[in-house]
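Source file: input38.csv (CSV, C-alpha atoms and all ligand atoms)
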chain,number,residue,atom,x,y,z
N,52,MET,CA,0.0,0.0,0.0
N,53,ASN,CA,2.9,2.3,0.8
N,54,THR,CA,4.6,1.5,-2.5
N,55,GLN,CA,1.4,2.4,-4.3
N,56,ALA,CA,1.1,5.7,-2.5
N,57,ARG,CA,4.7,6.5,-3.2
N,58,ILE,CA,4.2,6.0,-7.0
N,59,LEU,CA,1.2,8.2,-7.0
N,60,GLU,CA,3.1,10.9,-5.2
N,61,SER,CA,6.0,10.6,-7.5
N,62,GLY,CA,3.7,11.1,-10.5
N,63,GLN,CA,3.2,14.7,-9.7
N,64,ILE,CA,5.2,17.1,-11.7
N,65,GLU,CA,6.1,20.3,-9.9
N,66,ALA,CA,6.7,23.7,-11.4
N,67,PRO,CA,10.3,24.8,-11.2
N,68,ALA,CA,11.0,26.9,-8.0
N,69,GLY,CA,11.0,30.6,-8.8
N,70,GLN,CA,7.9,30.4,-10.9
N,71,ILE,CA,5.7,29.7,-7.9
N,72,PRO,CA,4.8,31.7,-4.8
N,73,PHE,CA,7.3,30.6,-2.2
N,74,LEU,CA,5.4,32.1,0.7
N,75,ARG,CA,1.7,32.7,1.5
N,76,LEU,CA,0.9,34.8,4.5
N,77,ALA,CA,-2.3,34.1,6.5
N,78,GLY,CA,-5.2,36.2,5.1
N,79,VAL,CA,-7.1,38.8,7.2
N,80,ASP,CA,-9.9,36.3,7.6
N,81,VAL,CA,-7.7,33.4,8.6
N,82,PHE,CA,-9.6,32.8,11.9
N,83,SER,CA,-13.1,33.2,10.4
N,84,HIS,CA,-12.2,30.5,7.9
N,85,ARG,CA,-10.8,28.3,10.7
N,86,ALA,CA,-13.9,28.9,12.8
N,87,GLU,CA,-16.1,27.7,10.0
N,88,ARG,CA,-14.0,24.6,9.4
N,89,PHE,CA,-14.0,23.7,13.1
N,90,ARG,CA,-17.8,24.0,13.0
N,91,GLN,CA,-18.1,21.8,10.0
N,92,LEU,CA,-15.7,19.2,11.5
N,93,SER,CA,-17.4,19.2,14.9
N,94,GLN,CA,-20.7,17.8,13.4
N,95,GLY,CA,-21.1,14.2,14.5
N,96,HIS,CA,-17.4,14.0,15.5
N,97,PRO,CA,-16.3,12.0,18.6
N,98,LEU,CA,-14.3,15.2,19.7
N,99,GLY,CA,-17.1,17.4,18.5
N,100,GLY,CA,-17.3,19.4,21.8
N,101,TYR,CA,-13.7,20.3,21.7
N,102,LEU,CA,-13.7,21.2,18.0
N,103,ALA,CA,-16.8,23.4,18.5
N,104,PHE,CA,-15.1,25.1,21.4
N,105,LEU,CA,-12.1,25.8,19.2
N,106,GLY,CA,-14.4,27.2,16.5
N,107,THR,CA,-15.7,29.7,19.1
N,108,LEU,CA,-12.1,30.4,20.2
N,109,ALA,CA,-11.1,31.1,16.5
N,110,GLN,CA,-14.0,33.6,16.3
N,111,ALA,CA,-12.6,35.3,19.4
N,112,GLN,CA,-9.2,35.3,17.7
N,113,GLN,CA,-10.7,37.0,14.7
N,114,GLU,CA,-12.1,39.7,16.9
N,115,ALA,CA,-8.7,40.2,18.6
N,116,LEU,CA,-6.9,40.4,15.2
N,117,ALA,CA,-9.4,42.9,13.9
N,118,HIS,CA,-8.7,45.3,16.8
N,119,PHE,CA,-5.1,44.7,17.2
N,120,PRO,CA,-3.0,47.8,18.0
N,121,ALA,CA,0.1,48.8,16.1
N,122,VAL,CA,3.2,47.1,17.5
N,123,PRO,CA,7.0,47.5,17.1
N,124,LEU,CA,8.3,45.6,14.1
N,125,PRO,CA,11.9,44.7,13.0
N,126,ALA,CA,13.7,47.7,11.4
N,127,PRO,CA,14.5,47.5,7.7
N,128,GLU,CA,18.2,46.8,8.4
N,129,GLN,CA,17.2,43.9,10.5
N,130,GLN,CA,15.0,42.6,7.7
N,131,VAL,CA,17.8,42.7,5.3
N,132,LEU,CA,20.2,41.0,7.7
N,133,CYS,CA,17.7,38.2,8.4
N,134,ARG,CA,17.1,37.6,4.7
N,135,GLU,CA,20.8,37.6,3.9
N,136,HIS,CA,21.5,35.1,6.7
N,137,GLY,CA,18.5,32.9,6.3
N,138,MET,CA,17.2,33.6,9.8
N,139,PRO,CA,13.5,34.0,10.8
N,140,LEU,CA,12.6,37.7,11.2
N,141,LEU,CA,10.0,37.1,13.9
N,142,GLY,CA,11.7,34.2,15.7
N,143,ALA,CA,9.2,32.7,18.1
N,144,GLN,CA,11.7,32.6,20.9
N,145,ALA,CA,14.1,35.4,19.9
N,146,TRP,CA,11.7,38.2,19.1
N,147,PRO,CA,11.0,40.4,22.1
N,148,ARG,CA,7.3,40.1,22.7
N,149,ASP,CA,5.4,43.3,23.0
N,150,LEU,CA,2.8,43.4,25.8
N,151,ALA,CA,0.1,43.9,23.1
N,152,TRP,CA,-0.1,40.1,22.9
N,153,ARG,CA,-1.6,40.2,26.4
N,154,THR,CA,-4.1,42.9,25.3
N,155,GLY,CA,-5.1,40.5,22.6
N,156,LEU,CA,-5.4,37.8,25.2
N,157,LYS,CA,-7.8,40.0,27.2
N,158,VAL,CA,-10.0,40.5,24.1
N,159,ILE,CA,-10.1,36.7,23.6
N,160,LEU,CA,-10.9,36.1,27.3
N,161,ARG,CA,-13.7,38.7,27.4
N,162,TYR,CA,-15.2,37.1,24.2
N,163,MET,CA,-15.0,33.6,25.8
N,164,SER,CA,-16.4,34.8,29.1
N,165,VAL,CA,-19.8,35.5,27.7
N,166,VAL,CA,-20.3,32.3,25.7
N,167,SER,CA,-21.4,29.0,27.1
N,168,LEU,CA,-18.3,26.9,28.0
N,169,PRO,CA,-17.7,23.6,29.8
N,170,ALA,CA,-16.8,24.3,33.5
N,171,PRO,CA,-13.0,23.7,33.2
N,172,ALA,CA,-12.7,26.1,30.3
N,173,SER,CA,-14.8,28.8,32.2
N,174,GLU,CA,-12.5,28.3,35.2
N,175,ALA,CA,-9.4,28.8,33.0
N,176,VAL,CA,-10.9,32.0,31.5
N,177,ALA,CA,-11.5,33.3,35.0
N,178,ARG,CA,-8.1,32.3,36.2
N,179,LEU,CA,-6.3,33.8,33.2
N,180,MET,CA,-8.1,37.1,33.6
N,181,GLN,CA,-6.6,37.4,37.1
N,182,ALA,CA,-3.1,36.0,36.1
N,183,SER,CA,-0.1,38.2,36.7
N,184,GLU,CA,2.0,39.4,33.8
N,185,ALA,CA,4.9,37.3,34.9
N,186,GLU,CA,2.8,34.2,35.0
N,187,LEU,CA,1.4,34.8,31.5
N,188,GLU,CA,4.9,35.5,30.1
N,189,GLU,CA,6.2,32.3,31.6
N,190,THR,CA,3.4,30.3,30.1
N,191,ALA,CA,4.0,32.0,26.7
N,192,GLY,CA,7.7,31.3,26.9
N,193,LYS,CA,7.1,27.6,27.5
N,194,LEU,CA,4.7,27.4,24.7
N,195,LEU,CA,7.0,29.1,22.2
N,196,MET,CA,9.8,26.9,23.3
N,197,GLY,CA,7.7,23.9,22.3
N,198,ASP,CA,7.5,22.7,25.9
N,199,LEU,CA,3.8,22.1,25.7
N,200,ALA,CA,3.8,19.4,28.4
N,201,ALA,CA,4.9,22.0,31.0
N,202,VAL,CA,1.9,24.3,30.3
N,203,ASN,CA,-1.4,23.8,32.1
N,204,ALA,CA,-3.7,22.0,29.7
N,205,GLN,CA,-6.7,24.2,30.4
N,206,ASP,CA,-4.8,27.4,29.9
N,207,MET,CA,-2.9,26.4,26.8
N,208,PRO,CA,-5.6,27.0,24.1
N,209,PHE,CA,-6.2,30.6,25.3
N,210,VAL,CA,-2.5,31.6,25.6
N,211,ALA,CA,-1.7,29.8,22.3
N,212,ALA,CA,-4.6,31.6,20.6
N,213,ALA,CA,-3.4,35.0,21.8
N,214,LEU,CA,0.2,34.3,20.6
N,215,GLN,CA,-1.1,33.2,17.2
N,216,VAL,CA,-3.0,36.5,16.8
N,217,TYR,CA,0.1,38.6,17.7
N,218,TRP,CA,2.4,36.7,15.3
N,219,ILE,CA,-0.2,36.8,12.5
N,220,HIS,CA,-0.7,40.5,13.0
N,221,MET,CA,3.1,41.2,12.8
N,222,ALA,CA,3.6,39.0,9.7
N,223,ALA,CA,0.7,40.7,8.0
N,224,ALA,CA,2.0,44.2,8.9
N,225,LEU,CA,5.4,43.4,7.4
N,226,GLY,CA,4.1,41.8,4.2
N,227,GLU,CA,5.5,38.7,2.5
N,228,HIS,CA,8.4,40.5,0.9
N,229,ALA,CA,10.0,41.0,4.3
N,230,PHE,CA,10.7,37.3,4.6
N,231,GLY,CA,13.3,35.2,2.9
N,232,ARG,CA,14.1,31.5,2.7
N,233,LEU,CA,15.7,29.8,5.7
N,234,GLU,CA,18.6,27.5,5.7
N,235,GLN,CA,16.3,24.8,7.2
N,236,GLY,CA,13.4,24.4,4.7
N,237,GLY,CA,11.1,22.7,7.2
N,238,LEU,CA,10.8,25.8,9.5
N,239,CYS,CA,8.6,28.8,9.1
N,240,PRO,CA,10.4,31.5,7.2
N,241,ALA,CA,8.5,34.1,9.3
N,242,CYS,CA,8.8,32.9,12.8
N,243,GLY,CA,11.0,29.8,12.7
N,244,SER,CA,8.3,27.5,14.2
N,245,HIS,CA,7.6,23.9,13.0
N,246,PRO,CA,4.7,23.3,10.7
N,247,VAL,CA,1.4,21.9,12.1
N,248,ALA,CA,0.7,20.1,8.8
N,249,GLY,CA,1.2,20.4,5.0
N,250,VAL,CA,-1.4,21.2,2.4
N,251,VAL,CA,-1.3,19.9,-1.2
N,252,ARG,CA,-3.0,22.7,-3.1
N,253,VAL,CA,-5.2,22.8,-6.1
N,254,GLY,CA,-5.7,25.5,-8.7
N,255,GLY,CA,-3.6,27.7,-10.9
N,256,GLU,CA,0.2,27.7,-10.6
N,257,GLU,CA,0.0,26.1,-7.2
N,258,GLN,CA,-1.8,22.9,-8.5
N,259,GLY,CA,-0.4,19.9,-6.8
N,260,LEU,CA,2.2,21.8,-4.8
N,261,ARG,CA,2.8,21.1,-1.1
N,262,TYR,CA,2.9,24.1,1.3
N,263,LEU,CA,3.8,23.6,5.0
N,264,SER,CA,1.6,25.6,7.4
N,265,CYS,CA,3.1,27.2,10.4
N,266,SER,CA,1.8,26.1,13.8
N,267,LEU,CA,2.1,29.6,15.2
N,268,CYS,CA,1.6,32.3,12.5
N,269,ALA,CA,-0.2,30.2,9.9
N,270,THR,CA,2.2,31.3,7.2
N,271,GLU,CA,2.4,28.7,4.4
N,272,TRP,CA,5.7,28.0,2.6
N,273,HIS,CA,6.5,25.8,-0.3
N,274,MET,CA,8.4,22.6,0.1
N,275,VAL,CA,8.7,20.0,-2.6
N,276,ARG,CA,6.9,16.8,-2.0
N,277,ILE,CA,8.2,13.4,-0.9
N,278,LYS,CA,10.7,15.1,1.4
N,279,CYS,CA,10.8,14.9,5.2
N,280,SER,CA,10.0,18.3,6.6
N,281,SER,CA,12.1,17.5,9.7
N,282,CYS,CA,15.3,16.2,8.3
N,283,GLU,CA,14.8,16.9,4.6
N,284,SER,CA,15.5,13.3,3.7
N,285,THR,CA,14.0,12.0,0.4
N,286,HIS,CA,14.5,8.3,1.2
N,287,GLY,CA,12.2,6.1,3.3
N,288,ILE,CA,9.2,8.4,3.0
N,289,HIS,CA,5.9,6.5,3.5
N,290,TYR,CA,2.3,7.5,3.5
N,291,TYR,CA,-0.4,6.3,5.9
N,292,ALA,CA,-4.1,7.0,5.9
N,293,LEU,CA,-6.9,5.8,8.2
N,294,GLU,CA,-8.8,2.9,6.9
N,295,GLY,CA,-12.1,4.0,5.3
N,296,SER,CA,-11.1,7.6,5.0
N,297,ASN,CA,-11.5,9.6,1.8
N,298,GLY,CA,-7.8,10.1,1.6
N,299,ALA,CA,-7.9,13.8,2.3
N,300,VAL,CA,-5.5,13.4,5.2
N,301,LYS,CA,-2.4,11.3,5.1
N,302,ALA,CA,0.6,11.1,7.4
N,303,GLU,CA,4.0,11.4,5.6
N,304,SER,CA,6.6,9.6,7.7
N,305,CYS,CA,10.3,9.4,7.5
N,306,ASP,CA,12.5,6.4,8.2
N,307,ASP,CA,15.6,8.5,8.8
N,308,CYS,CA,14.4,10.6,11.7
N,309,ASP,CA,11.2,8.7,12.6
N,310,THR,CA,8.9,11.7,12.5
N,311,TYR,CA,5.7,12.3,10.5
N,312,LEU,CA,3.7,15.3,9.4
N,313,LYS,CA,0.1,15.2,8.1
N,314,LEU,CA,-0.6,16.2,4.5
N,315,LEU,CA,-4.1,17.5,3.6
N,316,TYR,CA,-5.2,17.1,0.0
N,317,MET,CA,-7.4,19.9,-1.3
N,318,GLU,CA,-8.2,17.7,-4.3
N,319,LYS,CA,-10.1,15.4,-2.0
N,320,ASP,CA,-11.6,18.1,0.2
N,321,SER,CA,-11.3,21.8,-0.9
N,322,GLN,CA,-12.2,23.0,2.6
N,323,VAL,CA,-9.3,21.6,4.5
N,324,GLU,CA,-7.6,23.8,7.0
N,325,ALA,CA,-4.2,22.7,8.4
N,326,LEU,CA,-4.7,23.3,12.1
N,327,ALA,CA,-8.4,22.2,12.3
N,328,ASP,CA,-8.1,19.2,10.1
N,329,ASP,CA,-5.0,18.1,12.0
N,330,LEU,CA,-6.9,18.1,15.3
N,331,ALA,CA,-9.9,16.3,13.7
N,332,THR,CA,-7.8,13.4,12.7
N,333,LEU,CA,-6.2,12.4,16.1
N,334,PRO,CA,-6.7,8.7,15.4
N,335,LEU,CA,-4.0,9.0,12.7
N,336,ASP,CA,-1.7,10.4,15.4
N,337,VAL,CA,-2.5,7.4,17.6
N,338,LEU,CA,-1.7,5.1,14.6
N,339,MET,CA,1.6,6.8,14.0
N,340,ASP,CA,2.5,6.7,17.7
N,341,GLU,CA,2.0,3.0,17.6
N,342,ALA,CA,4.3,2.8,14.6
N,343,GLY,CA,7.0,4.5,16.6
N,344,LYS,CA,6.8,7.9,14.8
N,345,ALA,CA,6.8,11.3,16.5
N,346,ARG,CA,5.1,14.4,15.3
N,347,GLY,CA,7.3,16.6,13.2
N,348,GLY,CA,5.5,19.8,14.5
N,349,PRO,CA,3.1,20.7,17.3
N,350,ASN,CA,-0.5,21.6,17.2
N,351,LEU,CA,-0.8,24.3,19.9
N,352,PHE,CA,-4.3,23.1,20.7
N,353,PHE,CA,-3.3,19.5,21.3
N,354,HIS,CA,-1.8,19.1,24.8
N,355,PRO,CA,0.5,16.1,24.9
N,356,GLY,CA,-0.9,15.1,28.3
N,357,VAL,CA,-4.6,14.9,27.2
N,358,VAL,CA,-4.6,12.1,24.6
F,401,ZN,ZN,5.4,31.1,11.5
F,402,ZN,ZN,13.2,12.8,8.5
Target encoding structure tokens, full file:
Amino acid sequence: MNTQARILESGQIEAPAGQIPFLRLAGVDVFSHRAERFRQLSQGHPLGGYLAFLGTLAQAQQEALAHFPAVPLPAPEQQVLCREHGMPLLGAQAWPRDLAWRTGLKVILRYMSVVSLPAPASEAVARLMQASEAELEETAGKLLMGDLAAVNAQDMPFVAAALQVYWIHMAAALGEHAFGRLEQGGLCPACGSHPVAGVVRVGGEEQGLRYLSCSLCATEWHMVRIKCSSCESTHGIHYYALEGSNGAVKAESCDDCDTYLKLLYMEKDSQVEALADDLATLPLDVLMDEAGKARGGPNLFFHPGVV
């Protein structure tokens, strides 16, 4: 089955690099789109409650993004330097966070405080509204370092949501020409984070191309197919899908570094959204875990201690 999948993947002819958009920043309606997808996916889904909650949270994120204040951005010299040296301009850990991200968090918490939520989520909203600046910064630091297990599982979605809004706002304010390619092709050119998933697109010059989608700032960047996004190996790449699925989501695994990343095929489902569809296919993560493979990038709404 893997060999067959491999042949199909290899059959795709890609346009030469340079003729295709390398980078696609998240659009201004990124969270509305995500909210809609979460709502669709929540229907009749075993994790429907959580997916619906994340749909509401995405709406709150859209609200926060729409009212986000102007924030300090890297100076033009810094932009040139980063492009020349293949470094992420808005490095998730290196960039000095402006306190505006906490203002965004407040908008999100206020939005969530007036909707109906399960008790643990309501408690987290109340707790975070009272949390000290130091506590929030500490939680943000752990999240951005990728140490998700060290973050309180109930607090995580709210803090992650606020950080996503802040980074998406900054990337949009800079514009795609501010960003260059990184040395490491599997990391986000804007913020240096790992991808949450990859999307094989349809339509126009992007037909059949794979774009990785950033787990933090939702920037999408091109990476050729049949290549591990973690170690960039092109050998020992295999594809797994859940039995009985329509093939819209597959896990691409690598024998060299034993990681995997999900690929979403717009040809099979034009509505796919990297972060939402990743969460809605957790049984595939269980399958990959059993096969001894680790995720190649985090989903900031998937606490390692919960599943
Ligand atoms: Zn990013
Ligand atoms: Zn690899």
If you count all atoms listed in the file, which residues fall within 12 Å of N:Pro169, apart from same-chain ones fewer than 6 positions away, as a PyMOL selection string?
chain N and resi 100-101+103-104+163+175-176+205
So which residues fall inside 9 Å of (4.4, 35.1, 27.6) if we count only C-alpha atoms? Mind giving them as a PDB file with C-alpha atoms, in the coordinates of the input?
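out.pdb, freshly written:
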ATOM      1  CA  ARG N 148       7.300  40.100  22.700  1.00  0.00           C
ATOM      2  CA  LEU N 150       2.800  43.400  25.800  1.00  0.00           C
ATOM      3  CA  TRP N 152      -0.100  40.100  22.900  1.00  0.00           C
ATOM      4  CA  ARG N 153      -1.600  40.200  26.400  1.00  0.00           C
ATOM      5  CA  GLU N 184       2.000  39.400  33.800  1.00  0.00           C
ATOM      6  CA  ALA N 185       4.900  37.300  34.900  1.00  0.00           C
ATOM      7  CA  GLU N 186       2.800  34.200  35.000  1.00  0.00           C
ATOM      8  CA  LEU N 187       1.400  34.800  31.500  1.00  0.00           C
ATOM      9  CA  GLU N 188       4.900  35.500  30.100  1.00  0.00           C
ATOM     10  CA  GLU N 189       6.200  32.300  31.600  1.00  0.00           C
ATOM     11  CA  THR N 190       3.400  30.300  30.100  1.00  0.00           C
ATOM     12  CA  ALA N 191       4.000  32.000  26.700  1.00  0.00           C
ATOM     13  CA  GLY N 192       7.700  31.300  26.900  1.00  0.00           C
ATOM     14  CA  LYS N 193       7.100  27.600  27.500  1.00  0.00           C
ATOM     15  CA  LEU N 194       4.700  27.400  24.700  1.00  0.00           C
ATOM     16  CA  LEU N 195       7.000  29.100  22.200  1.00  0.00           C
ATOM     17  CA  VAL N 210      -2.500  31.600  25.600  1.00  0.00           C
ATOM     18  CA  LEU N 214       0.200  34.300  20.600  1.00  0.00           C
TER      19      LEU N 214
END
Nearest-residue call for N:His118, choices N:Ala302, N:Val79, N:Ala145, N:Ile277, using only C-alpha atoms:
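The answer is N:Val79, which sits nearest to N:His118.
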List as CSV every residue of chain N that is in contact with ligand ZN 402 (chain F), defined as an atom at most 7 Å from one of its atoms (using only C-alpha atoms and all ligand atoms), together with the nearest atom pair and the distance in Å rounded to one decimal, sorted by chain and then rising number.
residue,atom,partner,partner_atom,distance
N:Cys279,CA,F:ZN402,ZN,4.6
N:Ser280,CA,F:ZN402,ZN,6.6
N:Ser281,CA,F:ZN402,ZN,5.0
N:Cys282,CA,F:ZN402,ZN,4.0
N:Glu283,CA,F:ZN402,ZN,5.9
N:Ser284,CA,F:ZN402,ZN,5.3
N:Cys305,CA,F:ZN402,ZN,4.6
N:Asp306,CA,F:ZN402,ZN,6.4
N:Asp307,CA,F:ZN402,ZN,4.9
N:Cys308,CA,F:ZN402,ZN,4.1
N:Asp309,CA,F:ZN402,ZN,6.1
N:Thr310,CA,F:ZN402,ZN,6.0
Name the residues, by chain letter and number, that sit within 12 Å of ligand ZN 401 (chain F) using all atoms listed in the file, and give them as a ChimeraX atom specification.
/N:74-77,139-144,195,214-223,227,230,233,237-247,263-272,348
So that I can check the surroundings of N:Ala86, please list as a PDB file with C-alpha atoms, in the coordinates of the input every protein, DNA and RNA residue that reaches within 8 Å of it, counting all atoms listed in the file and ignoring chain neighbours fewer than 5 positions away.
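Saved to result.pdb:
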ATOM      1  CA  LEU N 105     -12.100  25.800  19.200  1.00  0.00           C
ATOM      2  CA  GLY N 106     -14.400  27.200  16.500  1.00  0.00           C
ATOM      3  CA  THR N 107     -15.700  29.700  19.100  1.00  0.00           C
ATOM      4  CA  LEU N 108     -12.100  30.400  20.200  1.00  0.00           C
ATOM      5  CA  ALA N 109     -11.100  31.100  16.500  1.00  0.00           C
ATOM      6  CA  GLN N 110     -14.000  33.600  16.300  1.00  0.00           C
TER       7      GLN N 110
END
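Close to (0.6, 3.6, 13.0), meaning no more than 12 Å away when counting all atoms listed in the file, sit the residues N:His289, N:Tyr290, N:Tyr291, N:Ala292, N:Leu293, N:Glu294, N:Lys301, N:Ala302, N:Glu303, N:Ser304, N:Asp309, N:Thr310, N:Tyr311, N:Leu333, N:Pro334, N:Leu335, N:Asp336, N:Val337, N:Leu338, N:Met339, N:Asp340, N:Glu341, N:Ala342, N:Gly343, N:Lys344, N:Ala345, N:Arg346.
For the residues N:Gly356, N:Val251, N:Val323, N:Gly231, ranking by smallest atom-to-atom distance to N:Arg88 using all atoms listed in the file places N:Val323 first.
Going from atom CA of N:Asn297 over to atom CA of N:His273, you cover 24.3 Å.
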Kindly reconstruct stretch 125-151 of chain N with N, CA and C atoms and present the result as a short mmCIF file (atom, residue, chain, number, x, y, z; two decimals), keeping the file's coordinate frame.
data_model
loop_
_atom_site.label_atom_id
_atom_site.label_comp_id
_atom_site.auth_asym_id
_atom_site.auth_seq_id
_atom_site.Cartn_x
_atom_site.Cartn_y
_atom_site.Cartn_z
N PRO N 125 10.42 44.63 13.25
CA PRO N 125 11.90 44.70 13.00
C PRO N 125 12.16 45.83 11.99
N ALA N 126 13.26 46.54 12.25
CA ALA N 126 13.70 47.70 11.40
C ALA N 126 14.11 47.13 10.04
N PRO N 127 14.07 47.97 9.00
CA PRO N 127 14.50 47.50 7.70
C PRO N 127 15.86 46.89 7.62
N GLU N 128 16.84 47.43 8.38
CA GLU N 128 18.20 46.80 8.40
C GLU N 128 18.15 45.41 8.91
N GLN N 129 17.34 45.23 9.94
CA GLN N 129 17.20 43.90 10.50
C GLN N 129 16.57 42.93 9.53
N GLN N 130 15.64 43.44 8.76
CA GLN N 130 15.00 42.60 7.70
C GLN N 130 15.98 42.14 6.71
N VAL N 131 16.84 43.07 6.27
CA VAL N 131 17.80 42.70 5.30
C VAL N 131 18.80 41.67 5.82
N LEU N 132 19.23 41.90 7.06
CA LEU N 132 20.20 41.00 7.70
C LEU N 132 19.61 39.57 7.81
N CYS N 133 18.36 39.48 8.24
CA CYS N 133 17.70 38.20 8.40
C CYS N 133 17.59 37.47 7.04
N ARG N 134 17.21 38.24 6.02
CA ARG N 134 17.10 37.60 4.70
C ARG N 134 18.43 37.13 4.19
N GLU N 135 19.47 37.94 4.42
CA GLU N 135 20.80 37.60 3.90
C GLU N 135 21.33 36.31 4.65
N HIS N 136 20.99 36.17 5.93
CA HIS N 136 21.50 35.10 6.70
C HIS N 136 20.58 33.90 6.88
N GLY N 137 19.44 33.96 6.20
CA GLY N 137 18.50 32.90 6.30
C GLY N 137 17.94 32.65 7.68
N MET N 138 17.69 33.76 8.39
CA MET N 138 17.20 33.60 9.80
C MET N 138 15.71 34.13 9.80
N PRO N 139 14.90 33.56 10.68
CA PRO N 139 13.50 34.00 10.80
C PRO N 139 13.45 35.43 11.38
N LEU N 140 12.71 36.29 10.75
CA LEU N 140 12.60 37.70 11.20
C LEU N 140 11.89 37.86 12.49
N LEU N 141 10.87 37.02 12.67
CA LEU N 141 10.00 37.10 13.90
C LEU N 141 10.19 35.86 14.72
N GLY N 142 11.43 35.46 14.96
CA GLY N 142 11.70 34.20 15.70
C GLY N 142 10.84 34.03 16.92
N ALA N 143 10.15 32.90 17.00
CA ALA N 143 9.20 32.70 18.10
C ALA N 143 9.80 32.86 19.46
N GLN N 144 11.07 32.47 19.59
CA GLN N 144 11.70 32.60 20.90
C GLN N 144 12.58 33.86 20.98
N ALA N 145 13.17 34.26 19.87
CA ALA N 145 14.10 35.40 19.90
C ALA N 145 13.45 36.74 19.89
N TRP N 146 12.29 36.85 19.24
CA TRP N 146 11.70 38.20 19.10
C TRP N 146 11.16 38.66 20.47
N PRO N 147 11.53 39.92 20.86
CA PRO N 147 11.00 40.40 22.10
C PRO N 147 9.54 40.73 22.07
N ARG N 148 8.76 39.94 22.77
CA ARG N 148 7.30 40.10 22.70
C ARG N 148 6.84 41.43 23.24
N ASP N 149 5.97 42.06 22.48
CA ASP N 149 5.40 43.30 23.00
C ASP N 149 4.20 42.92 23.88
N LEU N 150 3.93 43.78 24.87
CA LEU N 150 2.80 43.40 25.80
C LEU N 150 1.47 43.42 25.10
N ALA N 151 1.42 43.90 23.86
CA ALA N 151 0.10 43.90 23.10
C ALA N 151 -0.43 42.48 22.97
#
